[in-house]
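Structure below is protein03.cif: mmCIF, C-alpha atoms.
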```cif
data_model
#
loop_
_atom_site.label_atom_id
_atom_site.label_comp_id
_atom_site.auth_asym_id
_atom_site.auth_seq_id
_atom_site.Cartn_x
_atom_site.Cartn_y
_atom_site.Cartn_z
CA MET T 1 20.03 -15.39 28.57
CA THR T 2 17.23 -17.27 26.80
CA TYR T 3 14.69 -14.69 27.98
CA ARG T 4 16.74 -11.83 26.52
CA LEU T 5 17.11 -13.61 23.21
CA LEU T 6 13.38 -14.28 23.06
CA ALA T 7 12.57 -10.65 23.94
CA ALA T 8 14.99 -9.34 21.29
CA THR T 9 13.52 -11.63 18.64
CA ALA T 10 9.98 -10.56 19.51
CA ALA T 11 10.97 -6.87 19.39
CA LEU T 12 12.54 -7.28 15.95
CA ALA T 13 9.48 -9.09 14.65
CA ILE T 14 7.17 -6.33 15.89
CA MET T 15 9.33 -3.54 14.43
CA GLY T 16 9.57 -5.38 11.12
CA SER T 17 5.81 -5.70 10.87
CA PHE T 18 5.39 -1.92 11.08
CA ALA T 19 8.05 -1.10 8.49
CA ALA T 20 7.18 -3.60 5.74
CA PRO T 21 3.68 -2.46 4.63
CA SER T 22 4.57 1.20 4.19
CA ALA T 23 7.44 0.41 1.80
CA ALA T 24 5.26 -1.92 -0.26
CA VAL T 25 2.32 0.45 -0.32
CA ALA T 26 4.43 3.45 -1.42
CA GLN T 27 5.36 1.53 -4.55
CA ASP T 28 1.73 0.81 -5.48
CA ARG T 29 0.05 4.21 -5.15
CA TYR T 30 -2.51 4.03 -7.97
CA CYS T 31 -5.05 1.42 -8.98
CA LEU T 32 -6.55 0.75 -12.38
CA GLN T 33 -10.28 0.55 -11.75
CA GLY T 34 -13.28 -0.18 -13.89
CA ARG T 35 -15.86 -2.81 -14.73
CA ILE T 36 -13.25 -5.46 -15.48
CA TRP T 37 -10.97 -4.66 -12.55
CA GLY T 38 -13.47 -3.94 -9.77
CA TYR T 39 -12.44 -2.25 -6.54
CA PRO T 40 -9.71 -1.57 -5.55
CA GLY T 41 -8.57 -2.91 -8.89
CA ASN T 42 -5.13 -3.55 -10.33
CA CYS T 43 -2.90 -1.71 -7.84
CA GLN T 44 0.56 -2.02 -9.36
CA PHE T 45 1.25 1.53 -10.55
CA ALA T 46 3.75 3.87 -8.90
CA SER T 47 2.63 6.98 -10.80
CA TYR T 48 -0.64 8.33 -12.10
CA SER T 49 0.74 8.61 -15.63
CA GLN T 50 1.66 4.89 -15.67
CA CYS T 51 -1.86 4.02 -14.61
CA MET T 52 -3.47 6.32 -17.17
CA ALA T 53 -1.29 4.88 -19.93
CA SER T 54 -2.64 1.43 -19.11
CA ALA T 55 -6.19 2.75 -18.90
CA SER T 56 -6.10 4.53 -22.26
CA GLY T 57 -8.37 3.01 -24.85
CA THR T 58 -10.34 1.04 -22.28
CA ASN T 59 -13.36 1.76 -20.14
CA ALA T 60 -11.21 2.12 -17.02
CA TYR T 61 -9.90 4.91 -14.82
CA CYS T 62 -7.25 5.39 -12.14
CA GLY T 63 -7.76 5.97 -8.46
CA ILE T 64 -5.57 6.16 -5.41
CA ASN T 65 -4.80 2.88 -3.69
CA PRO T 66 -6.92 2.69 -0.50
CA ARG T 67 -4.06 1.08 1.43
CA TYR T 68 -1.76 3.94 0.43
CA ALA T 69 -4.37 6.53 1.42
CA ASP T 70 -4.86 4.90 4.83
CA ALA T 71 -1.10 4.73 5.39
CA ARG T 72 -0.81 8.46 4.68
CA ARG T 73 -3.74 9.27 6.97
CA TYR T 74 -2.46 7.28 9.94
CA ARG T 75 1.27 7.90 9.54
CA GLY T 76 1.37 10.53 12.29
CA TYR T 77 -0.34 8.37 14.89
CA ARG T 78 2.36 5.70 15.29
#
```

What do you get writing this file as structure tokens?
Amino acid sequence: MTYRLLAATAALAIMGSFAAPSAAVAQDRYCLQGRIWGYPGNCQFASYSQCMASASGTNAYCGINPRYADARRYRGYR
């Protein structure tokens, strides 16, 4: 009985580790980048227009979040 409980707990922990990053990354798709922000920058924007609104009037630009891009690239291999 203890072995089954341990196996079930381990299985849930492993499945949870795969599901959590993709949900968090999908929310933060774009990064505000520039001299002040560096790379990858301030990655808190869900849409490109939100990012560009924050970048307006500054010497910054918006790029895709590298974690989001990697998640999209490797989604089919799981």

Need the shell around T:Met52: protein/DNA/RNA residues with any atom at most 8 Å away, counting all atoms listed in the file. Skip same-chain ones fewer than 6 positions apart. Format as a PyMOL selection string? chain T and resi 32+61-62

Once the PyMOL selection byres ((chain T and resi 42) around 12) is applied to the coordinates I shared, what remains selected? I want it as an MDAnalysis selection string. chainID T and resid 28:41 43:46 51 54:55 60:66

How big is the axis-aligned box, and where does its centre sit, when it encloses all atoms of stretch 33-51 of chain T listed in the file and has 8 Å added on every side, reported in Å to one decimal as lines of an AutoDock Vina configuration file?
```
center_x = -6.1
center_y = 1.6
center_z = -10.6
size_x = 35.6
size_y = 30.1
size_z = 26.1
```
